[in-house]
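Structure data (mmCIF, C-alpha atoms) from coords-v1.cif:
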data_final
#
loop_
_atom_site.label_atom_id
_atom_site.label_comp_id
_atom_site.auth_asym_id
_atom_site.auth_seq_id
_atom_site.Cartn_x
_atom_site.Cartn_y
_atom_site.Cartn_z
CA MET F 147 0.07 -23.50 20.62
CA LYS F 148 1.71 -25.76 23.20
CA LYS F 149 4.52 -24.40 25.35
CA GLU F 150 7.07 -26.89 23.95
CA ASN F 151 6.16 -25.99 20.39
CA ALA F 152 6.71 -22.30 21.11
CA LEU F 153 10.12 -23.05 22.61
CA ARG F 154 11.08 -25.16 19.61
CA MET F 155 10.01 -22.43 17.18
CA LEU F 156 11.86 -19.79 19.20
CA GLU F 157 15.05 -21.85 18.99
CA GLY F 158 14.49 -22.41 15.28
CA ILE F 159 14.51 -18.74 14.25
CA GLY F 160 17.28 -18.28 11.71
CA LYS F 161 17.63 -22.07 11.33
CA ASP F 162 14.28 -23.69 10.54
CA THR F 163 12.39 -20.42 10.17
CA ILE F 164 13.56 -17.13 8.67
CA ILE F 165 11.99 -13.76 9.49
CA VAL F 166 11.89 -11.45 6.47
CA GLY F 167 11.19 -7.76 5.98
CA VAL F 168 9.61 -7.37 2.53
CA ASP F 169 9.17 -4.03 0.78
CA CYS F 170 7.16 -4.83 -2.35
CA GLY F 171 7.67 -1.64 -4.34
CA PHE F 172 6.20 -0.90 -7.75
CA LYS F 173 9.71 -0.83 -9.24
CA GLN F 174 11.74 -3.10 -7.01
CA VAL F 175 11.15 -5.71 -4.37
CA LYS F 176 13.52 -5.25 -1.43
CA LEU F 177 13.97 -7.85 1.28
CA SER F 178 16.01 -8.01 4.46
CA PHE F 179 16.52 -11.11 6.58
CA GLU F 180 18.93 -12.75 8.98
CA TYR F 181 20.63 -16.06 8.14
CA GLN F 182 23.54 -17.68 9.94
CA GLY F 183 23.97 -14.62 12.14
CA LYS F 184 24.23 -12.17 9.25
CA VAL F 185 21.64 -9.68 7.96
CA ASN F 186 21.27 -9.96 4.19
CA ASN F 187 19.59 -7.66 1.67
CA ILE F 188 18.29 -8.71 -1.76
CA THR F 189 16.50 -6.73 -4.45
CA PHE F 190 14.97 -7.57 -7.82
CA SER F 191 12.62 -5.99 -10.36
CA SER F 192 8.95 -6.12 -9.42
CA ASN F 193 7.88 -6.51 -13.06
CA VAL F 194 5.62 -9.54 -13.48
CA GLU F 195 2.64 -10.64 -15.55
CA GLU F 196 0.74 -13.87 -16.00
CA GLY F 197 2.07 -16.21 -18.69
CA GLU F 198 5.31 -17.94 -19.62
CA SER F 199 8.52 -16.13 -20.53
CA ASP F 200 10.68 -16.89 -23.58
CA ASP F 201 13.55 -17.12 -21.09
CA MET F 202 13.25 -20.29 -18.99
CA PHE F 203 14.77 -18.43 -16.02
CA GLY F 204 11.99 -15.85 -16.37
CA THR F 205 9.07 -18.23 -15.76
CA PHE F 206 7.98 -18.60 -12.14
CA TYR F 207 5.26 -21.12 -11.30
CA LEU F 208 3.13 -20.42 -8.24
CA ASN F 209 0.60 -23.17 -7.43
CA GLY F 210 0.67 -24.30 -11.07
CA VAL F 211 0.17 -20.85 -12.61
CA ALA F 212 2.99 -19.47 -14.80
CA TYR F 213 4.21 -15.89 -14.34
CA ASN F 214 6.61 -14.01 -16.60
CA THR F 215 9.20 -12.20 -14.47
CA LYS F 216 11.19 -10.97 -17.49
CA THR F 217 8.38 -8.84 -18.89
CA ASN F 218 9.16 -5.26 -19.88
CA LYS F 219 5.76 -4.14 -18.60
CA LYS F 220 5.86 -2.27 -15.33
CA LEU F 221 3.82 -3.54 -12.42
CA THR F 222 1.59 -0.47 -12.71
CA GLN F 223 0.70 -1.64 -16.24
CA THR F 224 -0.25 -5.19 -15.25
CA THR F 225 -2.18 -4.66 -12.01
CA ASN F 226 -4.15 -2.12 -10.00
CA LYS F 227 -2.17 0.56 -8.19
CA ASN F 228 -2.35 -0.83 -4.68
CA LYS F 229 -0.41 -3.60 -2.97
CA ASP F 230 -3.32 -5.80 -1.96
CA ASN F 231 -3.31 -7.76 -5.21
CA ASN F 232 -2.24 -11.11 -6.64
CA TYR F 233 1.05 -9.84 -8.07
CA THR F 234 2.17 -8.70 -4.62
CA LEU F 235 1.67 -12.31 -3.52
CA VAL F 236 3.66 -13.57 -6.54
CA ASN F 237 6.54 -11.19 -5.78
CA LEU F 238 6.38 -12.17 -2.11
CA TYR F 239 6.87 -15.84 -3.00
CA ARG F 240 9.58 -14.93 -5.51
CA ALA F 241 11.36 -13.28 -2.58
CA LEU F 242 10.93 -16.28 -0.30
CA PHE F 243 12.14 -18.62 -3.06
CA GLU F 244 15.36 -16.58 -3.40
CA ILE F 245 15.97 -16.83 0.34
CA SER F 246 15.20 -20.56 0.43
CA LYS F 247 17.57 -21.05 -2.51
CA LEU F 248 20.30 -19.26 -0.54
CA THR F 249 19.91 -21.88 2.20
CA GLY F 250 20.08 -24.75 -0.31
CA PHE F 251 16.30 -25.08 0.18
CA LYS F 252 16.84 -26.20 3.78
CA VAL F 253 14.63 -23.38 5.09
CA LYS F 254 11.07 -23.40 3.79
CA ASP F 255 9.17 -21.70 6.63
CA PHE F 256 8.95 -17.92 6.92
CA VAL F 257 7.53 -15.17 9.06
CA ILE F 258 7.16 -11.94 7.14
CA GLY F 259 6.94 -8.26 7.93
CA ILE F 260 5.44 -6.81 4.76
CA GLY F 261 5.02 -3.14 4.02
CA SER F 262 1.77 -1.33 3.37
CA SER F 263 1.11 2.27 2.51
CA ILE F 264 0.28 4.63 5.37
CA ASP F 265 -3.19 4.91 3.83
CA THR F 266 -3.71 1.16 4.34
CA TYR F 267 -1.94 1.07 7.70
CA ARG F 268 -4.15 3.72 9.29
CA SER F 269 -7.27 1.67 8.54
CA GLU F 270 -7.59 -1.39 10.79
CA LYS F 271 -10.07 -2.91 8.35
CA ALA F 272 -7.76 -2.45 5.33
CA LYS F 273 -4.78 -3.73 7.31
CA GLU F 274 -6.61 -6.86 8.45
CA LEU F 275 -7.86 -7.52 4.91
CA PHE F 276 -4.32 -7.19 3.54
CA LYS F 277 -3.05 -9.69 6.10
CA LYS F 278 -5.96 -12.04 5.46
CA ASN F 279 -5.30 -12.04 1.71
CA ILE F 280 -1.62 -12.87 2.26
CA LEU F 281 -2.30 -15.69 4.72
CA LYS F 282 -5.03 -17.04 2.45
CA VAL F 283 -2.14 -18.50 0.44
CA ASN F 284 0.13 -19.31 3.38
CA LYS F 285 1.42 -22.45 1.67
CA ALA F 286 2.59 -22.46 -1.95
CA ASN F 287 4.11 -24.89 -4.40
CA ILE F 288 6.88 -23.20 -6.35
CA LYS F 289 8.45 -24.44 -9.57
CA HIS F 290 11.40 -22.52 -10.95
CA VAL F 291 14.69 -23.00 -12.76
CA TRP F 292 17.92 -22.80 -10.80
CA LEU F 293 21.57 -23.74 -11.17
CA ASN F 294 22.27 -26.80 -9.04
CA GLU F 295 25.52 -27.62 -7.27
CA ASN F 296 26.95 -28.84 -10.61
CA GLU F 297 26.06 -25.52 -12.27
CA GLU F 298 23.41 -27.33 -14.30
CA GLU F 299 20.05 -25.78 -15.18
CA GLU F 300 17.12 -27.67 -13.71
CA PHE F 301 13.56 -27.12 -12.54
CA ILE F 302 13.01 -27.53 -8.84
CA ASN F 303 9.73 -27.96 -7.01
CA VAL F 304 9.59 -26.67 -3.46
CA GLU F 305 6.79 -26.00 -0.98
CA LEU F 306 7.16 -22.77 1.01
CA ARG F 307 5.08 -21.69 3.99
CA ILE F 308 4.27 -18.35 5.59
CA LEU F 309 3.73 -19.02 9.29
CA ASP F 310 2.63 -15.51 10.13
CA ALA F 311 2.50 -12.03 8.62
CA TYR F 312 2.95 -8.64 10.26
CA ILE F 313 1.71 -5.65 8.28
CA GLN F 314 4.31 -2.89 8.62
CA PRO F 315 4.04 0.82 7.82
CA GLU F 316 6.19 1.98 4.94
CA THR F 317 8.01 5.26 5.58
CA LEU F 318 7.92 4.84 9.37
CA SER F 319 9.83 1.55 9.15
CA SER F 320 12.83 3.41 7.72
CA ILE F 321 13.61 5.22 11.00
CA TYR F 322 15.20 2.06 12.42
CA ASN F 323 18.01 2.60 9.92
CA VAL F 324 18.62 6.27 10.78
CA LYS F 325 21.68 6.77 12.96
CA ASN F 326 20.99 8.41 16.34
CA PHE F 327 17.33 8.91 15.48
CA ASN F 328 15.33 10.45 18.32
CA PRO F 329 11.60 9.76 17.99
CA GLN F 330 10.80 12.31 20.72
CA GLU F 331 12.06 15.21 18.61
CA PRO F 332 9.88 16.83 15.92
CA ASN F 333 10.47 14.71 12.81
CA LEU F 334 9.06 14.70 9.30
CA ILE F 335 9.56 11.39 7.47
CA VAL F 336 9.41 11.79 3.70
CA ASP F 337 9.21 8.65 1.54
CA LEU F 338 9.66 8.91 -2.23
CA GLY F 339 8.92 5.60 -3.90
CA GLY F 340 8.50 4.31 -7.42
CA LEU F 341 4.82 5.18 -7.62
CA ASN F 342 3.87 7.06 -4.45
CA ASN F 343 5.12 9.65 -1.98
CA GLN F 344 4.30 9.84 1.72
CA VAL F 345 4.95 12.39 4.46
CA VAL F 346 4.41 11.55 8.13
CA GLU F 347 4.94 13.66 11.24
CA LEU F 348 6.52 11.85 14.17
CA GLN F 349 7.07 13.32 17.60
CA GLY F 350 6.63 10.75 20.33
CA VAL F 351 3.88 9.15 18.26
CA ALA F 352 3.34 8.97 14.52
CA LYS F 353 0.47 11.18 13.38
CA ILE F 354 -0.69 8.85 10.61
CA ASP F 355 -4.17 10.37 10.37
CA SER F 356 -2.70 13.64 9.07
CA ALA F 357 -0.08 11.99 6.86
CA VAL F 358 0.09 12.86 3.17
CA CYS F 359 -0.24 9.87 0.84
CA GLY F 360 0.22 10.99 -2.75
CA ASP F 361 1.16 9.72 -6.19
CA LYS F 362 4.31 11.82 -6.69
CA GLY F 363 6.82 9.00 -6.93
CA PHE F 364 9.48 8.30 -9.54
CA ASP F 365 6.94 7.65 -12.33
CA TYR F 366 5.31 11.04 -11.71
CA LEU F 367 8.68 12.78 -12.02
CA VAL F 368 9.45 10.97 -15.29
CA LYS F 369 6.10 12.02 -16.78
CA GLU F 370 6.62 15.65 -15.71
CA ILE F 371 10.03 15.68 -17.41
CA TYR F 372 8.50 14.15 -20.54
CA LYS F 373 5.81 16.86 -20.66
CA GLU F 374 8.42 19.61 -20.27
CA CYS F 375 10.59 18.15 -23.04
CA ARG F 376 7.60 17.97 -25.38
CA ALA F 377 6.69 21.57 -24.48
CA GLN F 378 10.18 22.57 -25.62
CA ASN F 379 9.90 20.45 -28.82
CA ILE F 380 12.54 18.00 -27.66
CA ASP F 381 12.00 14.37 -28.59
CA ILE F 382 12.74 11.92 -25.84
CA THR F 383 11.27 8.63 -24.62
CA LEU F 384 10.19 7.79 -21.10
CA GLU F 385 12.81 5.03 -21.07
CA LEU F 386 15.59 7.48 -21.95
CA ILE F 387 14.45 9.89 -19.23
CA GLU F 388 14.64 7.06 -16.70
CA PHE F 389 18.10 6.17 -17.96
CA TYR F 390 19.36 9.74 -17.58
CA ILE F 391 17.86 10.14 -14.09
CA ASN F 392 19.53 6.93 -12.96
CA ASN F 393 22.86 8.06 -14.45
CA LEU F 394 22.87 11.81 -13.77
CA GLU F 395 26.31 11.77 -12.18
CA THR F 396 27.72 10.35 -15.41
CA TYR F 397 25.89 12.67 -17.82
CA LYS F 398 25.50 15.94 -15.89
CA ASP F 399 28.74 17.37 -17.37
CA ASN F 400 28.28 15.91 -20.86
CA GLU F 401 29.27 18.49 -23.49
CA LYS F 402 27.24 17.04 -26.36
CA VAL F 403 24.67 19.78 -27.09
CA SER F 404 21.63 17.52 -27.49
CA VAL F 405 22.44 15.57 -24.31
CA LYS F 406 23.32 18.71 -22.34
CA LYS F 407 19.95 20.31 -23.12
CA ARG F 408 18.04 17.23 -22.00
CA ILE F 409 20.05 16.96 -18.79
CA GLU F 410 19.39 20.64 -17.99
CA ILE F 411 15.64 20.11 -18.38
CA ILE F 412 15.78 16.98 -16.22
CA GLN F 413 17.71 18.77 -13.48
CA ASP F 414 15.29 21.73 -13.50
CA CYS F 415 12.31 19.38 -13.34
CA ILE F 416 13.85 17.50 -10.40
CA LEU F 417 14.21 20.76 -8.46
CA ASN F 418 10.62 21.73 -9.33
CA TYR F 419 9.46 18.27 -8.27
CA LEU F 420 11.16 18.67 -4.89
CA GLN F 421 9.37 21.99 -4.42
CA GLU F 422 6.10 20.07 -4.87
CA ILE F 423 7.24 17.61 -2.22
CA LYS F 424 7.99 20.59 0.02
CA LYS F 425 4.37 21.73 -0.37
CA ASP F 426 3.22 18.28 0.77
CA MET F 427 5.46 18.61 3.81
CA ILE F 428 3.95 22.02 4.61
CA THR F 429 0.49 20.43 4.34
CA VAL F 430 1.47 18.16 7.24
CA THR F 431 3.03 20.94 9.32
CA VAL F 432 3.69 24.60 8.47
CA ASP F 433 6.94 24.95 10.44
CA ILE F 434 8.96 22.36 8.51
CA ASP F 435 12.24 24.17 9.21
CA VAL F 436 12.15 23.24 12.91
CA TYR F 437 11.63 19.57 12.09
CA ASN F 438 14.24 16.92 11.39
CA GLN F 439 13.62 16.16 7.72
CA VAL F 440 14.24 12.46 7.13
CA PHE F 441 14.13 11.26 3.52
CA CYS F 442 13.82 7.61 2.54
CA GLY F 443 12.82 5.44 -0.42
CA GLY F 444 14.38 4.27 -3.65
CA THR F 445 13.79 7.58 -5.44
CA VAL F 446 15.64 9.42 -2.65
CA ASP F 447 18.60 7.13 -3.28
CA ILE F 448 18.74 8.50 -6.84
CA LEU F 449 17.95 12.16 -6.10
CA LYS F 450 20.00 12.66 -2.92
CA PRO F 451 22.34 15.42 -4.32
CA TYR F 452 19.31 17.43 -5.48
CA ILE F 453 17.42 16.89 -2.23
CA LEU F 454 20.35 18.45 -0.40
CA LYS F 455 20.08 21.54 -2.62
CA VAL F 456 16.46 22.08 -1.58
CA PHE F 457 16.75 20.66 1.95
CA PRO F 458 20.35 21.33 3.09
CA GLU F 459 19.78 19.73 6.50
CA ALA F 460 18.09 16.59 5.19
CA ILE F 461 18.77 13.37 7.08
CA PHE F 462 19.07 10.00 5.35
CA PRO F 463 19.00 6.39 6.55
CA GLN F 464 22.33 4.59 6.48
CA ASN F 465 21.03 2.24 3.78
CA LEU F 466 18.66 4.23 1.59
CA LEU F 467 17.54 1.42 -0.69
CA PHE F 468 16.82 -1.09 2.07
CA ALA F 469 15.84 1.25 4.92
CA ASN F 470 12.18 0.24 4.87
CA SER F 471 12.75 -3.50 4.48
CA LEU F 472 15.35 -3.45 7.28
CA GLY F 473 12.89 -1.69 9.56
CA MET F 474 10.15 -4.17 8.63
CA PHE F 475 12.51 -7.03 9.45
CA ILE F 476 13.40 -5.53 12.86
CA ARG F 477 9.75 -4.89 13.75
CA ALA F 478 8.58 -8.36 12.62
CA LYS F 479 11.42 -10.08 14.50
CA TYR F 480 10.56 -8.18 17.68
CA SER F 481 6.84 -9.02 17.40
CA TYR F 482 7.31 -12.69 16.54
CA THR F 483 9.98 -13.45 19.14
CA ASN F 484 7.92 -11.70 21.82
CA LEU F 485 4.90 -13.76 20.82
CA LEU F 486 6.85 -17.01 21.15
CA LYS F 487 8.40 -15.93 24.45
CA GLU F 488 4.97 -15.22 25.89
CA LEU F 489 3.65 -18.53 24.61
CA SER F 490 6.66 -20.39 26.00
CA LYS F 491 5.82 -19.05 29.48
CA SER F 492 2.27 -20.24 29.21
CA SER F 493 0.90 -23.73 29.59
CA SER F 494 -2.07 -22.88 27.39
CA LYS F 495 -2.86 -25.24 24.54
CA GLU F 496 -4.90 -22.70 22.66
CA VAL F 497 -4.12 -22.48 18.96
CA VAL F 498 -2.93 -19.11 17.70
CA THR F 499 -2.57 -17.86 14.13
CA VAL F 500 0.82 -19.51 13.73
CA GLU F 501 0.42 -23.14 12.71
#

What's the structure tokens form of this structure?
Amino acid sequence: MKKENALRMLEGIGKDTIIVGVDCGFKQVKLSFEYQGKVNNITFSSNVEEGESDDMFGTFYLNGVAYNTKTNKKLTQTTNKNKDNNYTLVNLYRALFEISKLTGFKVKDFVIGIGSSIDTYRSEKAKELFKKNILKVNKANIKHVWLNENEEEEFINVELRILDAYIQPETLSSIYNVKNFNPQEPNLIVDLGGLNNQVVELQGVAKIDSAVCGDKGFDYLVKEIYKECRAQNIDITLELIEFYINNLETYKDNEKVSVKKRIEIIQDCILNYLQEIKKDMITVTVDIDVYNQVFCGGTVDILKPYILKVFPEAIFPQNLLFANSLGMFIRAKYSYTNLLKELSKSSSKEVVTVE
């Protein structure tokens, strides 16, 4: 890249190019980005499957292929249970489309910091493959319905580009959103997501080789509650369990006998679930009581009152839902701006990965 090009791109951050932190969860996609001097956060359901939706707003075309974003099927039902797959790419471009739409489609170039599991992040080969698969489709034609300036429904075609991608570690990215966080102290970072759970020790450096990467996320908890209800001959659907978990503050004091019984089972199962998480923490380090216990992830956002019952000194990011995506944004911005600054000092005309 030529020196003048690097300077131009550096000046264009936030104007011609937007840096985005993208946390592609199995339940929700969370993104954080800066535009016009303000950091914005957006979230939407990660549900997607190939094919058209009955709702015109639910059909998203990526390079001519239709995807149904209004499907009731969870992402875990339509794809394999890792993030290096086609639907991650679809959700990534859905995210970039939403940001471009916010700018009136003036911004079409993006640099992304996208999250990967600790399991992927600790393998250089897996990390490079993940990045390669994202940049393989670094330019995409999007067709989607939107409301124009006259509040009229219309299809719009727009070409979006990913200039570069930085693979970011989930869980560890959340610490940038923890007030007064000291990375030199003994810390345990516990991430409870939609599908997975992760526990990482951090003291000076992150000990990712000994991190726990499990499958005890929100879906696991729902299934455990369902099994317990069935064991007690109580009929309940998985959807109703999810509803009650997401609305426990509303229903925890409900006096209706049938509801009260179900809520009691759910609350007991949550506490038992957190004891399982505690065992994972002990697997990482026996003396968990001397560690700062930092909890992050969308499931933590829901279970915070119960986490405090089991872990009274638990620490939480300031923005639980977007903690990871905010950290990914900060890390990607730092890496990309430093790259451009270094290139702007050089007179080299070598081409780098950014085109």

For the interface of region 175-268 of chain F with region 303-317 of chain F (cut-off 9 Å, counting all atoms listed in the file), please tabulate each contacting residue of region 175-268 of chain F alongside its nearest pair of atoms and their separation in Å to one decimal, rows sorted by chain and increasing number, as JSON lines.
{"residue": "F:Tyr239", "atom": "CA", "partner": "F:Leu306", "partner_atom": "CA", "distance": 8.0}
{"residue": "F:Leu242", "atom": "CA", "partner": "F:Leu306", "partner_atom": "CA", "distance": 7.6}
{"residue": "F:Phe243", "atom": "CA", "partner": "F:Leu306", "partner_atom": "CA", "distance": 7.7}
{"residue": "F:Ser246", "atom": "CA", "partner": "F:Leu306", "partner_atom": "CA", "distance": 8.4}
{"residue": "F:Phe251", "atom": "CA", "partner": "F:Val304", "partner_atom": "CA", "distance": 7.8}
{"residue": "F:Val253", "atom": "CA", "partner": "F:Leu306", "partner_atom": "CA", "distance": 8.5}
{"residue": "F:Lys254", "atom": "CA", "partner": "F:Leu306", "partner_atom": "CA", "distance": 4.8}
{"residue": "F:Asp255", "atom": "CA", "partner": "F:Arg307", "partner_atom": "CA", "distance": 4.9}
{"residue": "F:Phe256", "atom": "CA", "partner": "F:Ile308", "partner_atom": "CA", "distance": 4.9}
{"residue": "F:Val257", "atom": "CA", "partner": "F:Asp310", "partner_atom": "CA", "distance": 5.0}
{"residue": "F:Ile258", "atom": "CA", "partner": "F:Ala311", "partner_atom": "CA", "distance": 4.9}
{"residue": "F:Gly259", "atom": "CA", "partner": "F:Tyr312", "partner_atom": "CA", "distance": 4.6}
{"residue": "F:Ile260", "atom": "CA", "partner": "F:Ile313", "partner_atom": "CA", "distance": 5.3}
{"residue": "F:Gly261", "atom": "CA", "partner": "F:Gln314", "partner_atom": "CA", "distance": 4.7}
{"residue": "F:Ser262", "atom": "CA", "partner": "F:Pro315", "partner_atom": "CA", "distance": 5.4}
{"residue": "F:Ser263", "atom": "CA", "partner": "F:Glu316", "partner_atom": "CA", "distance": 5.6}
{"residue": "F:Ile264", "atom": "CA", "partner": "F:Pro315", "partner_atom": "CA", "distance": 5.9}
{"residue": "F:Thr266", "atom": "CA", "partner": "F:Pro315", "partner_atom": "CA", "distance": 8.5}
{"residue": "F:Tyr267", "atom": "CA", "partner": "F:Pro315", "partner_atom": "CA", "distance": 6.0}
{"residue": "F:Arg268", "atom": "CA", "partner": "F:Pro315", "partner_atom": "CA", "distance": 8.8}

Using C-alpha atoms, can you export the residues from the last selection as an mmCIF file, in the coordinates of the input?
data_model
loop_
_atom_site.group_PDB
_atom_site.id
_atom_site.type_symbol
_atom_site.label_atom_id
_atom_site.label_comp_id
_atom_site.auth_asym_id
_atom_site.auth_seq_id
_atom_site.Cartn_x
_atom_site.Cartn_y
_atom_site.Cartn_z
ATOM 1 C CA TYR F 239 6.870 -15.840 -3.000
ATOM 2 C CA LEU F 242 10.930 -16.280 -0.300
ATOM 3 C CA PHE F 243 12.140 -18.620 -3.060
ATOM 4 C CA SER F 246 15.200 -20.560 0.430
ATOM 5 C CA PHE F 251 16.300 -25.080 0.180
ATOM 6 C CA VAL F 253 14.630 -23.380 5.090
ATOM 7 C CA LYS F 254 11.070 -23.400 3.790
ATOM 8 C CA ASP F 255 9.170 -21.700 6.630
ATOM 9 C CA PHE F 256 8.950 -17.920 6.920
ATOM 10 C CA VAL F 257 7.530 -15.170 9.060
ATOM 11 C CA ILE F 258 7.160 -11.940 7.140
ATOM 12 C CA GLY F 259 6.940 -8.260 7.930
ATOM 13 C CA ILE F 260 5.440 -6.810 4.760
ATOM 14 C CA GLY F 261 5.020 -3.140 4.020
ATOM 15 C CA SER F 262 1.770 -1.330 3.370
ATOM 16 C CA SER F 263 1.110 2.270 2.510
ATOM 17 C CA ILE F 264 0.280 4.630 5.370
ATOM 18 C CA THR F 266 -3.710 1.160 4.340
ATOM 19 C CA TYR F 267 -1.940 1.070 7.700
ATOM 20 C CA ARG F 268 -4.150 3.720 9.290
#

Distance query region 468-477 of chain F at most 10 Å, only C-alpha atoms, self and fewer than 3 positions along chain excluded, as an MDAnalysis selection string: chainID F and resid 165:170 175:180 185:189 257:261 312:324 337 442:444 447 462:465 480:482

The PyMOL selection byres ((chain F and resi 336) around 6) applied to the shown file, residues as a PyMOL selection string: chain F and resi 335+337+344-345+440-441

Separation of CA of Asn400 (chain F) from CA of Glu459 (chain F) in Å: 28.9 Å

Selection result of the PyMOL selection byres ((chain F and resi 287-291) around 9) on this file, as a PyMOL selection string: chain F and resi 202-210+239-240+243+285-286+292-293+299-306

Please write the residues from the selection above to a file, keeping C-alpha atoms, as a PDB file, in the coordinates of the input.
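New file result-v6.pdb:
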ATOM      1  CA  MET F 202      13.250 -20.290 -18.990  1.00  0.00           C
ATOM      2  CA  PHE F 203      14.770 -18.430 -16.020  1.00  0.00           C
ATOM      3  CA  GLY F 204      11.990 -15.850 -16.370  1.00  0.00           C
ATOM      4  CA  THR F 205       9.070 -18.230 -15.760  1.00  0.00           C
ATOM      5  CA  PHE F 206       7.980 -18.600 -12.140  1.00  0.00           C
ATOM      6  CA  TYR F 207       5.260 -21.120 -11.300  1.00  0.00           C
ATOM      7  CA  LEU F 208       3.130 -20.420  -8.240  1.00  0.00           C
ATOM      8  CA  ASN F 209       0.600 -23.170  -7.430  1.00  0.00           C
ATOM      9  CA  GLY F 210       0.670 -24.300 -11.070  1.00  0.00           C
ATOM     10  CA  TYR F 239       6.870 -15.840  -3.000  1.00  0.00           C
ATOM     11  CA  ARG F 240       9.580 -14.930  -5.510  1.00  0.00           C
ATOM     12  CA  PHE F 243      12.140 -18.620  -3.060  1.00  0.00           C
ATOM     13  CA  LYS F 285       1.420 -22.450   1.670  1.00  0.00           C
ATOM     14  CA  ALA F 286       2.590 -22.460  -1.950  1.00  0.00           C
ATOM     15  CA  TRP F 292      17.920 -22.800 -10.800  1.00  0.00           C
ATOM     16  CA  LEU F 293      21.570 -23.740 -11.170  1.00  0.00           C
ATOM     17  CA  GLU F 299      20.050 -25.780 -15.180  1.00  0.00           C
ATOM     18  CA  GLU F 300      17.120 -27.670 -13.710  1.00  0.00           C
ATOM     19  CA  PHE F 301      13.560 -27.120 -12.540  1.00  0.00           C
ATOM     20  CA  ILE F 302      13.010 -27.530  -8.840  1.00  0.00           C
ATOM     21  CA  ASN F 303       9.730 -27.960  -7.010  1.00  0.00           C
ATOM     22  CA  VAL F 304       9.590 -26.670  -3.460  1.00  0.00           C
ATOM     23  CA  GLU F 305       6.790 -26.000  -0.980  1.00  0.00           C
ATOM     24  CA  LEU F 306       7.160 -22.770   1.010  1.00  0.00           C
TER      25      LEU F 306
END

Selection result for the PyMOL selection byres ((chain F and resi 197-199) around 6) on this file, as a count of residues only: 8

Interatomic distance (Å, one decimal) between CA of Tyr437 (chain F) and CA of Pro332 (chain F):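 Atom-to-atom, CA of Tyr437 (chain F) and CA of Pro332 (chain F) are spaced 5.0 Å apart.
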
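Residues lying within 10 Å of region 386-393 of chain F, counting only C-alpha atoms and ignoring same-chain neighbours fewer than 2 positions away, are Phe364, Asp365, Leu367, Val368, Lys369, Ile371, Tyr372, Cys375, Ile382, Thr383, Leu384, Glu395, Thr396, Tyr397, Lys398, Val405, Arg408, Ile409, Ile412, Gln413, Ile416, Thr445, Asp447, Ile448 and Leu449 of chain F.
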
Shell around Gln349 (chain F) at 9 Å using all atoms listed in the file, local window under 6 positions removed, as a PyMOL selection string: chain F and resi 328-334

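Between CA of Thr163 (chain F) and CA of Asn296 (chain F) there is a distance of 26.7 Å.
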
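Compared by their closest atoms to Tyr419 (chain F), and using only C-alpha atoms, the residues F:Asn343, F:Thr431, F:Asn326, F:Ser404 rank with F:Asn343 nearest.
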
Which of F:Lys219, F:Pro451, F:Asn342, F:Ala460 sits closest to Ile434 (chain F) [using only C-alpha atoms]: F:Ala460

Coordinates of region 381-411 of chain F, C-alpha atoms, as an mmCIF file, in the first residue's frame:
data_model
loop_
_atom_site.group_PDB
_atom_site.id
_atom_site.type_symbol
_atom_site.label_atom_id
_atom_site.label_comp_id
_atom_site.auth_asym_id
_atom_site.auth_seq_id
_atom_site.Cartn_x
_atom_site.Cartn_y
_atom_site.Cartn_z
ATOM 1 C CA ASP F 381 -45.886 -30.412 31.119
ATOM 2 C CA ILE F 382 -44.015 -27.479 29.686
ATOM 3 C CA THR F 383 -42.502 -26.573 26.324
ATOM 4 C CA LEU F 384 -38.965 -25.412 25.656
ATOM 5 C CA GLU F 385 -40.402 -22.147 24.336
ATOM 6 C CA LEU F 386 -42.308 -21.525 27.577
ATOM 7 C CA ILE F 387 -39.197 -22.239 29.648
ATOM 8 C CA GLU F 388 -37.284 -19.661 27.616
ATOM 9 C CA PHE F 389 -40.107 -17.180 28.117
ATOM 10 C CA TYR F 390 -40.103 -17.653 31.894
ATOM 11 C CA ILE F 391 -36.295 -17.392 32.144
ATOM 12 C CA ASN F 392 -36.355 -14.145 30.189
ATOM 13 C CA ASN F 393 -39.151 -12.787 32.396
ATOM 14 C CA LEU F 394 -38.278 -14.158 35.833
ATOM 15 C CA GLU F 395 -38.526 -10.774 37.531
ATOM 16 C CA THR F 396 -42.140 -10.532 36.374
ATOM 17 C CA TYR F 397 -43.195 -14.077 37.266
ATOM 18 C CA LYS F 398 -41.076 -14.976 40.314
ATOM 19 C CA ASP F 399 -43.803 -13.815 42.741
ATOM 20 C CA ASN F 400 -46.749 -15.098 40.708
ATOM 21 C CA GLU F 401 -49.327 -16.705 43.012
ATOM 22 C CA LYS F 402 -50.988 -18.914 40.403
ATOM 23 C CA VAL F 403 -50.186 -22.457 41.619
ATOM 24 C CA SER F 404 -49.269 -23.947 38.234
ATOM 25 C CA VAL F 405 -47.020 -20.996 37.349
ATOM 26 C CA LYS F 406 -45.473 -20.845 40.827
ATOM 27 C CA LYS F 407 -44.431 -24.501 40.676
ATOM 28 C CA ARG F 408 -42.774 -24.067 37.293
ATOM 29 C CA ILE F 409 -40.938 -20.940 38.420
ATOM 30 C CA GLU F 410 -39.642 -22.739 41.530
ATOM 31 C CA ILE F 411 -38.241 -25.550 39.381
#
